[in-house]
file target_7.cif (mmCIF, C-alpha atoms)
data_upload
#
loop_
_atom_site.label_atom_id
_atom_site.label_comp_id
_atom_site.auth_asym_id
_atom_site.auth_seq_id
_atom_site.Cartn_x
_atom_site.Cartn_y
_atom_site.Cartn_z
CA MET A 1 -35.20 -8.20 6.28
CA ALA A 2 -35.97 -9.32 9.81
CA GLY A 3 -32.88 -9.81 11.91
CA HIS A 4 -30.63 -7.91 9.47
CA LYS A 5 -27.91 -6.04 11.32
CA GLN A 6 -26.54 -2.73 10.09
CA PRO A 7 -22.78 -3.12 9.42
CA THR A 8 -20.52 -1.31 11.86
CA GLY A 9 -17.16 0.30 11.18
CA TYR A 10 -15.98 1.84 7.94
CA LYS A 11 -13.28 1.85 5.31
CA LEU A 12 -11.95 5.09 3.83
CA ALA A 13 -11.90 5.32 0.03
CA THR A 14 -11.62 7.79 -2.82
CA TYR A 15 -14.28 7.41 -5.48
CA ARG A 16 -15.06 9.00 -8.82
CA SER A 17 -18.05 11.37 -8.79
CA SER A 18 -19.54 13.97 -11.12
CA GLU A 19 -17.71 16.52 -8.95
CA GLY A 20 -14.36 14.77 -9.37
CA PRO A 21 -12.56 12.53 -6.85
CA ARG A 22 -14.32 12.47 -3.46
CA ALA A 23 -13.63 10.83 -0.11
CA GLY A 24 -16.09 8.08 0.68
CA LEU A 25 -16.96 5.91 3.66
CA VAL A 26 -17.50 2.28 2.76
CA VAL A 27 -20.03 0.78 5.17
CA GLY A 28 -21.10 -2.75 4.32
CA GLU A 29 -21.90 -2.89 0.59
CA ASP A 30 -22.51 0.86 0.24
CA ILE A 31 -20.36 3.97 -0.01
CA PHE A 32 -21.28 7.41 1.31
CA ASP A 33 -19.83 10.83 0.57
CA ALA A 34 -17.69 11.50 3.67
CA ALA A 35 -18.16 15.27 3.74
CA LYS A 36 -21.94 15.05 3.36
CA LEU A 37 -22.27 12.24 5.90
CA THR A 38 -20.24 14.09 8.55
CA GLY A 39 -21.26 17.64 7.68
CA LYS A 40 -17.59 18.61 7.39
CA PRO A 41 -16.70 20.13 3.97
CA ALA A 42 -12.95 19.56 4.59
CA TYR A 43 -13.67 15.81 4.57
CA GLY A 44 -14.45 15.95 0.85
CA SER A 45 -10.98 14.51 0.20
CA VAL A 46 -8.94 11.83 1.93
CA THR A 47 -6.14 14.39 2.14
CA GLY A 48 -8.43 16.67 4.16
CA ILE A 49 -9.44 13.81 6.43
CA LEU A 50 -5.85 12.74 7.10
CA ALA A 51 -4.89 16.33 7.90
CA ASP A 52 -7.43 16.17 10.76
CA TRP A 53 -6.85 12.53 11.70
CA ARG A 54 -6.67 13.06 15.48
CA ARG A 55 -10.40 13.90 15.39
CA ALA A 56 -11.42 12.41 12.07
CA ASP A 57 -11.33 8.73 13.02
CA GLY A 58 -13.84 9.26 15.83
CA VAL A 59 -16.05 11.48 13.65
CA LEU A 60 -16.06 8.93 10.84
CA LYS A 61 -16.80 6.01 13.18
CA LYS A 62 -19.78 7.90 14.60
CA ALA A 63 -21.01 8.78 11.11
CA ALA A 64 -20.65 5.18 9.93
CA ALA A 65 -22.60 3.92 12.93
CA GLY A 66 -25.47 6.25 12.06
CA VAL A 67 -25.89 5.57 8.34
CA GLY A 68 -29.11 3.65 9.00
CA LYS A 69 -30.79 6.91 10.05
CA SER A 70 -28.98 9.22 7.62
CA ARG A 71 -30.66 10.81 4.61
CA VAL A 72 -27.33 11.08 2.78
CA LYS A 73 -27.44 9.17 -0.51
CA ARG A 74 -25.96 5.68 -0.36
CA MET A 75 -24.23 4.41 -3.48
CA PRO A 76 -23.84 0.68 -4.21
CA LEU A 77 -20.17 -0.15 -3.81
CA GLY A 78 -20.24 -2.54 -6.77
CA LYS A 79 -21.35 0.26 -9.10
CA THR A 80 -18.94 2.91 -7.82
CA LYS A 81 -15.51 3.50 -9.37
CA LEU A 82 -12.84 3.47 -6.69
CA LEU A 83 -9.59 5.36 -7.22
CA ALA A 84 -6.29 5.21 -5.33
CA PRO A 85 -7.40 5.90 -1.73
CA VAL A 86 -4.63 8.47 -1.14
CA PRO A 87 -4.63 10.42 -4.43
CA ASN A 88 -1.58 12.63 -3.80
CA PRO A 89 0.70 11.25 -1.09
CA PRO A 90 3.52 13.63 -0.11
CA THR A 91 6.02 10.74 -0.31
CA ILE A 92 5.94 7.02 -1.04
CA PHE A 93 8.62 5.21 0.98
CA CYS A 94 9.42 1.59 0.13
CA ALA A 95 11.30 -0.82 2.38
CA GLY A 96 14.03 -2.84 0.70
CA ALA A 97 14.63 -6.56 1.33
CA ASN A 98 12.37 -6.76 4.38
CA TYR A 99 11.37 -10.44 4.25
CA ALA A 100 14.13 -12.99 4.86
CA ASP A 101 12.79 -15.51 2.32
CA HIS A 102 12.66 -12.92 -0.48
CA ALA A 103 16.12 -11.52 0.35
CA ALA A 104 17.57 -15.05 0.38
CA ALA A 105 15.93 -16.01 -2.93
CA MET A 106 17.17 -12.86 -4.68
CA ALA A 107 20.67 -13.41 -3.30
CA ARG A 108 20.72 -16.98 -4.66
CA LYS A 109 19.52 -15.70 -8.03
CA GLN A 110 22.56 -13.40 -8.17
CA GLY A 111 25.00 -16.04 -6.88
CA MET A 112 25.48 -14.27 -3.57
CA PRO A 113 25.52 -15.75 -0.04
CA GLU A 114 22.27 -15.76 1.92
CA PRO A 115 21.99 -12.51 3.93
CA ALA A 116 22.22 -12.64 7.71
CA ASP A 117 19.50 -11.22 9.97
CA PRO A 118 20.16 -7.46 9.79
CA HIS A 119 19.47 -7.13 13.53
CA GLU A 120 22.45 -9.39 14.22
CA LEU A 121 24.63 -7.11 12.09
CA GLY A 122 23.39 -3.96 13.82
CA LEU A 123 21.68 -2.74 10.64
CA ALA A 124 18.60 -0.52 10.36
CA PRO A 125 15.77 -0.66 7.79
CA TRP A 126 16.58 0.97 4.44
CA PHE A 127 14.30 2.51 1.86
CA PHE A 128 13.90 3.87 -1.64
CA ILE A 129 11.24 6.29 -2.87
CA LYS A 130 8.62 6.12 -5.59
CA SER A 131 7.24 9.35 -7.03
CA ALA A 132 3.60 10.26 -6.40
CA GLY A 133 3.06 9.98 -10.17
CA THR A 134 3.52 6.21 -9.98
CA LEU A 135 0.25 5.82 -8.10
CA THR A 136 -2.77 4.12 -9.63
CA GLY A 137 -5.93 2.57 -8.25
CA PRO A 138 -8.09 -0.56 -8.20
CA GLY A 139 -8.97 -1.98 -11.61
CA ALA A 140 -6.64 0.33 -13.51
CA ALA A 141 -4.76 -1.05 -16.52
CA ILE A 142 -0.98 -0.87 -16.09
CA LYS A 143 0.74 0.14 -19.33
CA ALA A 144 4.32 -0.94 -18.79
CA THR A 145 5.17 -3.95 -20.97
CA HIS A 146 6.56 -1.60 -23.64
CA TYR A 147 8.92 -0.24 -20.98
CA ALA A 148 10.04 -3.39 -19.18
CA LYS A 149 10.53 -6.93 -20.45
CA GLU A 150 11.01 -8.14 -16.87
CA LEU A 151 7.98 -6.59 -15.15
CA ASP A 152 7.63 -8.03 -11.67
CA TRP A 153 4.97 -8.10 -8.93
CA GLU A 154 5.46 -7.48 -5.19
CA ILE A 155 2.58 -7.52 -2.70
CA GLU A 156 3.12 -5.18 0.25
CA LEU A 157 1.25 -3.94 3.29
CA ALA A 158 1.19 -0.13 3.08
CA ALA A 159 0.92 2.05 6.19
CA VAL A 160 -0.74 5.46 5.79
CA ILE A 161 0.64 8.16 8.10
CA GLY A 162 -2.02 10.21 9.92
CA ARG A 163 0.01 12.57 12.11
CA PRO A 164 3.28 14.48 11.64
CA ALA A 165 6.03 12.22 12.97
CA LYS A 166 9.63 13.13 13.75
CA ASP A 167 12.13 11.26 15.94
CA VAL A 168 9.42 8.81 16.96
CA PRO A 169 10.42 5.94 19.28
CA LYS A 170 9.56 2.44 18.10
CA GLU A 171 7.22 1.92 21.06
CA LYS A 172 4.98 4.81 19.95
CA ALA A 173 5.40 4.56 16.18
CA LEU A 174 2.08 2.85 15.41
CA ASP A 175 0.23 5.75 17.07
CA TYR A 176 1.09 7.80 13.97
CA VAL A 177 -0.55 5.39 11.51
CA ALA A 178 -4.02 6.35 10.27
CA GLY A 179 -4.60 3.01 8.58
CA TYR A 180 -3.43 0.38 6.14
CA THR A 181 -3.99 -0.47 2.50
CA ILE A 182 -2.64 -2.90 -0.11
CA ALA A 183 0.16 -1.99 -2.51
CA ASN A 184 1.86 -3.67 -5.45
CA ASP A 185 5.46 -2.48 -5.77
CA LEU A 186 5.76 -3.21 -9.49
CA SER A 187 9.39 -3.45 -10.54
CA ALA A 188 11.20 -3.25 -13.88
CA ARG A 189 13.95 -5.77 -13.15
CA ASP A 190 15.67 -5.21 -16.50
CA ARG A 191 15.87 -1.46 -15.82
CA GLY A 192 17.62 -1.81 -12.46
CA ARG A 193 21.19 -1.67 -13.77
CA ARG A 194 22.69 1.32 -15.53
CA PRO A 195 23.96 0.33 -18.99
CA GLY A 196 27.68 0.65 -19.53
CA ILE A 197 28.52 0.50 -15.81
CA GLU A 198 30.62 -2.39 -14.47
CA PRO A 199 28.60 -4.80 -12.28
CA THR A 200 31.14 -4.34 -9.48
CA SER A 201 30.70 -0.56 -9.44
CA PHE A 202 29.07 1.18 -6.47
CA PHE A 203 27.11 3.22 -9.01
CA LYS A 204 25.59 0.35 -11.01
CA MET A 205 22.00 0.59 -9.69
CA ASP A 206 19.25 2.76 -11.18
CA TRP A 207 16.45 2.74 -8.61
CA THR A 208 14.46 5.41 -10.44
CA LYS A 209 14.05 3.44 -13.69
CA HIS A 210 13.70 0.19 -11.74
CA LYS A 211 10.92 1.29 -9.39
CA SER A 212 9.45 4.67 -10.31
CA PHE A 213 7.67 4.41 -13.67
CA ASP A 214 4.07 5.38 -14.43
CA GLY A 215 1.58 2.96 -12.89
CA SER A 216 4.21 1.15 -10.81
CA CYS A 217 2.39 1.67 -7.51
CA PRO A 218 -1.19 0.34 -7.55
CA ILE A 219 -2.80 0.79 -4.11
CA GLY A 220 -6.24 0.16 -2.66
CA PRO A 221 -9.01 -0.60 -2.66
CA TRP A 222 -9.42 1.51 0.51
CA ILE A 223 -7.81 2.35 3.85
CA VAL A 224 -8.75 0.27 6.86
CA PRO A 225 -8.34 2.36 10.04
CA ALA A 226 -5.44 1.25 12.21
CA SER A 227 -7.83 0.95 15.16
CA ASP A 228 -9.62 -1.86 13.29
CA LEU A 229 -6.47 -3.97 12.80
CA ALA A 230 -5.27 -5.27 16.15
CA ASP A 231 -1.73 -6.13 14.99
CA PRO A 232 -0.19 -5.24 11.60
CA GLN A 233 2.37 -8.03 12.16
CA LYS A 234 -0.26 -10.79 12.06
CA LEU A 235 -1.82 -10.42 8.62
CA GLY A 236 -1.90 -13.04 5.89
CA LEU A 237 -1.09 -11.83 2.38
CA LYS A 238 -1.39 -13.52 -1.02
CA LEU A 239 -0.84 -12.60 -4.67
CA TRP A 240 -2.10 -14.40 -7.77
CA VAL A 241 -1.25 -13.96 -11.46
CA ASN A 242 -4.05 -15.22 -13.73
CA GLY A 243 -5.39 -17.24 -10.80
CA ALA A 244 -2.06 -18.96 -10.03
CA LEU A 245 -0.85 -18.34 -6.47
CA LYS A 246 2.60 -16.72 -6.51
CA GLN A 247 3.07 -15.20 -3.06
CA ASP A 248 1.64 -16.62 0.18
CA SER A 249 3.02 -15.30 3.46
CA ASN A 250 2.29 -13.34 6.62
CA THR A 251 3.40 -9.90 7.79
CA GLY A 252 4.84 -11.64 10.85
CA GLN A 253 7.71 -12.69 8.55
CA MET A 254 8.99 -9.10 8.17
CA LEU A 255 12.59 -8.57 9.23
CA PHE A 256 11.81 -5.06 10.48
CA THR A 257 8.32 -4.41 11.86
CA VAL A 258 6.12 -1.54 10.72
CA ALA A 259 6.98 0.24 13.99
CA GLU A 260 10.72 -0.18 13.43
CA GLN A 261 10.38 1.20 9.91
CA ILE A 262 8.48 4.30 11.02
CA ALA A 263 10.98 4.95 13.79
CA GLN A 264 13.89 4.72 11.35
CA LEU A 265 12.29 6.95 8.71
CA SER A 266 11.40 9.60 11.27
CA ILE A 267 14.98 10.14 12.46
CA ASN A 268 15.53 13.88 11.93
CA MET A 269 12.90 13.82 9.17
CA THR A 270 9.21 14.63 9.45
CA LEU A 271 6.70 12.17 8.08
CA HIS A 272 3.51 13.89 6.98
CA PRO A 273 -0.16 12.88 6.91
CA GLY A 274 -0.76 10.96 3.70
CA ASP A 275 2.77 9.59 3.42
CA LEU A 276 2.75 5.93 2.38
CA ILE A 277 5.18 3.35 3.72
CA LEU A 278 5.36 0.14 1.66
CA THR A 279 6.74 -2.38 4.12
CA GLY A 280 8.42 -4.99 1.92
CA THR A 281 7.46 -8.14 0.01
CA PRO A 282 7.86 -11.87 0.73
CA ALA A 283 9.23 -14.61 -1.51
CA GLY A 284 7.46 -15.63 -4.70
CA THR A 285 8.30 -12.73 -7.01
CA GLY A 286 9.03 -13.16 -10.69
CA GLY A 287 12.60 -12.04 -10.14
CA GLU A 288 13.24 -15.24 -8.19
CA SER A 289 11.83 -17.62 -10.81
CA GLY A 290 12.59 -15.68 -13.99
CA ASN A 291 8.88 -15.48 -14.91
CA PHE A 292 7.52 -12.00 -15.50
CA LEU A 293 4.27 -10.21 -16.29
CA LYS A 294 3.04 -9.85 -19.85
CA ALA A 295 0.21 -7.98 -21.56
CA GLY A 296 -3.19 -9.35 -20.60
CA ASP A 297 -2.12 -10.75 -17.22
CA VAL A 298 -4.41 -10.11 -14.26
CA VAL A 299 -2.75 -9.58 -10.88
CA LYS A 300 -4.85 -9.99 -7.73
CA LEU A 301 -3.62 -9.17 -4.23
CA TRP A 302 -5.25 -9.96 -0.87
CA ILE A 303 -4.33 -8.91 2.65
CA GLU A 304 -6.20 -10.22 5.66
CA GLY A 305 -8.50 -7.65 7.22
CA ILE A 306 -8.19 -5.27 4.28
CA GLY A 307 -9.55 -6.89 1.13
CA GLU A 308 -8.50 -7.38 -2.49
CA LEU A 309 -6.76 -5.25 -5.12
CA GLU A 310 -6.80 -6.26 -8.77
CA ASN A 311 -5.15 -4.77 -11.87
CA ARG A 312 -4.63 -5.85 -15.46
CA ILE A 313 -1.35 -5.51 -17.35
CA ALA A 314 -1.94 -3.71 -20.66
#
call {"tool": "encode", "arguments": {"input": "target_7.cif", "output": "structure tokens"}}
result
Amino acid sequence: MAGHKQPTGYKLATYRSSEGPRAGLVVGEDIFDAAKLTGKPAYGSVTGILADWRRADGVLKKAAAGVGKSRVKRMPLGKTKLLAPVPNPPTIFCAGANYADHAAAMARKQGMPEPADPHELGLAPWFFIKSAGTLTGPGAAIKATHYAKELDWEIELAAVIGRPAKDVPKEKALDYVAGYTIANDLSARDRGRRPGIEPTSFFKMDWTKHKSFDGSCPIGPWIVPASDLADPQKLGLKLWVNGALKQDSNTGQMLFTVAEQIAQLSINMTLHPGDLILTGTPAGTGGESGNFLKAGDVVKLWIEGIGELENRIA
């Protein structure tokens, strides 16, 4: 069509092919096999790309800019099955209580006083971990209602680490991020307390059963390179359940920034390429209202500059 401009830039995805999961570059409404487009066999997986991230971002940008002249097969994005963009992350770190409005709402629900700003108390970010087996991708059905009667949603910006990071200062922390994706930190609220343990006990919580069950970490639909998002602290984010808006906030409302979180995690511990950092969720969760997910519900998440992620509860 006259005047049609070839899209610039790319998004990094994992898609299902006859050869198994493959890394793909999403350019406009098409997806291209990353290894074939760049001529680099190691780029056949997102894991391989992240392992070479210092060079890979530039290589991929150049390849994306040249798709108009490439003979590599283009596949329509709408007819391609996308999987979780990072299929096997070394570790999934999740920030706890990192939006003031969510922390305050959960405290009220439990009859506790509203928490103070952790900076004023000299506190650092804190985290829990989900297992890699919790990961699932766009469009996947989440089979968890048999497991949890209080299945909750939590939209989160997820940072994808692209370089080994240890003892990183806050000022340089974002240099270690390859890109960002969308995550839903699904939570089994009724599994969070150990049965038979007094509510005043230090050992009452069961974070594994609460947070780390199969399908509890949908991510996607792709990774947007960090170089394409000017500021991860200025992104709108929304979550709907069956079309009803439940969460509506901005990453600027985080208590601890993405950079502060990376700096804290990297203290005497190496973060590896492919590690995911889920950066916390704002108010509007089911745990605050007492309304939870049920079979047949459709959960849609949107983050500005990234796109949409949708899953159905089975």
call {"tool": "axis_aligned_box", "arguments": {"input": "target_7.cif", "around": "segment 225-232 of chain A", "padding_each_side": "8 Å", "output": "AutoDock Vina command-line options"}}
result
--center_x -4.9 --center_y -1.9 --center_z 13.1 --size_x 25.4 --size_y 24.5 --size_z 22.1
call {"tool": "residues_around", "arguments": {"input": "target_7.cif", "residues": "Gly9 of chain A", "least_positions_apart": "5", "cutoff": "9 Å", "atoms": "all atoms listed in the file", "output": "list of chain:residue names"}}
result
A:Val26, A:Val27, A:Gly28, A:Leu60, A:Lys61, A:Lys62, A:Ala64, A:Ala65, A:Asp228
call {"tool": "closest_residue", "arguments": {"input": "target_7.cif", "among": "A:Ile197, A:Ala124, A:Leu151, A:Leu309", "to": "Gln261 of chain A", "atoms": "all atoms listed in the file"}}
result
A:Ala124
call {"tool": "atom_distance", "arguments": {"input": "target_7.cif", "atom1": "atom CA of Val160 of chain A", "atom2": "atom CA of Thr181 of chain A"}}
result
7.5 Å
call {"tool": "closest_residue", "arguments": {"input": "target_7.cif", "among": "A:Pro21, A:Pro125, A:Pro273, A:Gly48", "to": "Cys94 of chain A", "atoms": "all atoms listed in the file"}}
result
A:Pro125
call {"tool": "resolve_selection", "arguments": {"input": "target_7.cif", "expression": "the PyMOL selection byres ((chain A and resi 128) around 10)", "output": "mmCIF file with C-alpha atoms, keeping the file's coordinate frame"}}
result
data_model
loop_
_atom_site.group_PDB
_atom_site.id
_atom_site.type_symbol
_atom_site.label_atom_id
_atom_site.label_comp_id
_atom_site.auth_asym_id
_atom_site.auth_seq_id
_atom_site.Cartn_x
_atom_site.Cartn_y
_atom_site.Cartn_z
ATOM 1 C CA ILE A 92 5.940 7.020 -1.040
ATOM 2 C CA PHE A 93 8.620 5.210 0.980
ATOM 3 C CA CYS A 94 9.420 1.590 0.130
ATOM 4 C CA ALA A 95 11.300 -0.820 2.380
ATOM 5 C CA GLY A 96 14.030 -2.840 0.700
ATOM 6 C CA TRP A 126 16.580 0.970 4.440
ATOM 7 C CA PHE A 127 14.300 2.510 1.860
ATOM 8 C CA ILE A 129 11.240 6.290 -2.870
ATOM 9 C CA LYS A 130 8.620 6.120 -5.590
ATOM 10 C CA TRP A 207 16.450 2.740 -8.610
ATOM 11 C CA THR A 208 14.460 5.410 -10.440
ATOM 12 C CA LYS A 211 10.920 1.290 -9.390
ATOM 13 C CA SER A 212 9.450 4.670 -10.310
ATOM 14 C CA LEU A 278 5.360 0.140 1.660
#
call {"tool": "closest_residue", "arguments": {"input": "target_7.cif", "among": "A:Phe202, A:Phe292, A:Tyr180, A:Phe213", "to": "Gly307 of chain A", "atoms": "only C-alpha atoms"}}
result
A:Tyr180
call {"tool": "resolve_selection", "arguments": {"input": "target_7.cif", "expression": "the PyMOL selection byres ((chain A and resi 222-227) around 8)", "output": "PyMOL selection string"}}
result
chain A and resi 10-14+57+84-85+160+177-181+220-221+228-230+305-306
call {"tool": "atom_distance", "arguments": {"input": "target_7.cif", "atom1": "atom CA of Lys36 of chain A", "atom2": "atom CA of Val72 of chain A"}}
result
6.7 Å
call {"tool": "closest_residue", "arguments": {"input": "target_7.cif", "among": "A:Arg54, A:Glu304, A:Ile267, A:Thr285", "to": "Lys109 of chain A", "atoms": "all atoms listed in the file"}}
result
A:Thr285
call {"tool": "atom_distance", "arguments": {"input": "target_7.cif", "atom1": "atom CA of Arg74 of chain A", "atom2": "atom CA of Ala140 of chain A"}}
result
24.0 Å
call {"tool": "residues_around", "arguments": {"input": "target_7.cif", "residues": "Arg16 of chain A", "least_positions_apart": "2", "cutoff": "8 Å", "atoms": "all atoms listed in the file", "output": "list in words"}}
result
Thr14, Ser18, Glu19, Gly20, Pro21, Arg22, Thr80, Lys81, Leu82 and Leu83 of chain A
call {"tool": "closest_residue", "arguments": {"input": "target_7.cif", "among": "A:Met112, A:Ala173, A:Ile219, A:Ile155", "to": "Leu135 of chain A", "atoms": "only C-alpha atoms"}}
result
A:Ile219
call {"tool": "residues_around", "arguments": {"input": "target_7.cif", "residues": "Ala283 of chain A", "least_positions_apart": "6", "cutoff": "9 Å", "atoms": "all atoms listed in the file", "output": "list in words"}}
result
Tyr99, Ala100, Asp101, His102, Ala103, Ala104, Ala105, Met106, Glu154, Lys246, Gln247, Asp248 and Ser249 of chain A
call {"tool": "decode", "arguments": {"input": "target_7.cif", "residues": "segment 24-41 of chain A", "atoms": "N, CA and C atoms", "output": "mmCIF file, in the first residue's frame"}}
result
data_model
loop_
_atom_site.group_PDB
_atom_site.id
_atom_site.type_symbol
_atom_site.label_atom_id
_atom_site.label_comp_id
_atom_site.auth_asym_id
_atom_site.auth_seq_id
_atom_site.Cartn_x
_atom_site.Cartn_y
_atom_site.Cartn_z
ATOM 1 N N GLY A 24 11.208 -15.985 18.893
ATOM 2 C CA GLY A 24 10.696 -15.233 17.755
ATOM 3 C C GLY A 24 10.799 -13.744 17.973
ATOM 4 N N LEU A 25 10.981 -13.010 16.880
ATOM 5 C CA LEU A 25 10.935 -11.554 16.915
ATOM 6 C C LEU A 25 9.587 -11.108 16.385
ATOM 7 N N VAL A 26 8.853 -10.392 17.210
ATOM 8 C CA VAL A 26 7.576 -9.827 16.788
ATOM 9 C C VAL A 26 7.856 -8.440 16.219
ATOM 10 N N VAL A 27 7.556 -8.270 14.940
ATOM 11 C CA VAL A 27 7.732 -6.986 14.266
ATOM 12 C C VAL A 27 6.401 -6.643 13.606
ATOM 13 N N GLY A 28 5.751 -5.615 14.104
ATOM 14 C CA GLY A 28 4.418 -5.288 13.598
ATOM 15 C C GLY A 28 3.454 -6.413 13.905
ATOM 16 N N GLU A 29 2.767 -6.924 12.889
ATOM 17 C CA GLU A 29 1.780 -7.991 13.057
ATOM 18 C C GLU A 29 2.327 -9.350 12.640
ATOM 19 N N ASP A 30 3.655 -9.456 12.517
ATOM 20 C CA ASP A 30 4.285 -10.709 12.114
ATOM 21 C C ASP A 30 5.300 -11.155 13.156
ATOM 22 N N ILE A 31 5.641 -12.443 13.105
ATOM 23 C CA ILE A 31 6.683 -12.983 13.961
ATOM 24 C C ILE A 31 7.661 -13.757 13.091
ATOM 25 N N PHE A 32 8.942 -13.616 13.389
ATOM 26 C CA PHE A 32 10.006 -14.237 12.622
ATOM 27 C C PHE A 32 10.853 -15.108 13.548
ATOM 28 N N ASP A 33 11.344 -16.226 13.024
ATOM 29 C CA ASP A 33 12.256 -17.067 13.784
ATOM 30 C C ASP A 33 13.542 -16.277 14.028
ATOM 31 N N ALA A 34 13.906 -16.076 15.295
ATOM 32 C CA ALA A 34 15.031 -15.205 15.639
ATOM 33 C C ALA A 34 16.359 -15.745 15.125
ATOM 34 N N ALA A 35 16.571 -17.051 15.236
ATOM 35 C CA ALA A 35 17.835 -17.633 14.796
ATOM 36 C C ALA A 35 17.992 -17.516 13.281
ATOM 37 N N LYS A 36 16.921 -17.779 12.562
ATOM 38 C CA LYS A 36 16.985 -17.711 11.095
ATOM 39 C C LYS A 36 17.121 -16.273 10.613
ATOM 40 N N LEU A 37 16.456 -15.348 11.298
ATOM 41 C CA LEU A 37 16.505 -13.946 10.876
ATOM 42 C C LEU A 37 17.881 -13.341 11.122
ATOM 43 N N THR A 38 18.546 -13.755 12.195
ATOM 44 C CA THR A 38 19.866 -13.201 12.534
ATOM 45 C C THR A 38 21.027 -14.040 12.016
ATOM 46 N N GLY A 39 20.751 -15.291 11.654
ATOM 47 C CA GLY A 39 21.828 -16.180 11.237
ATOM 48 C C GLY A 39 22.638 -16.715 12.399
ATOM 49 N N LYS A 40 22.079 -16.624 13.602
ATOM 50 C CA LYS A 40 22.782 -17.093 14.803
ATOM 51 C C LYS A 40 22.006 -18.265 15.409
ATOM 52 N N PRO A 41 22.497 -19.503 15.251
ATOM 53 C CA PRO A 41 21.785 -20.676 15.763
ATOM 54 C C PRO A 41 21.494 -20.612 17.259
#
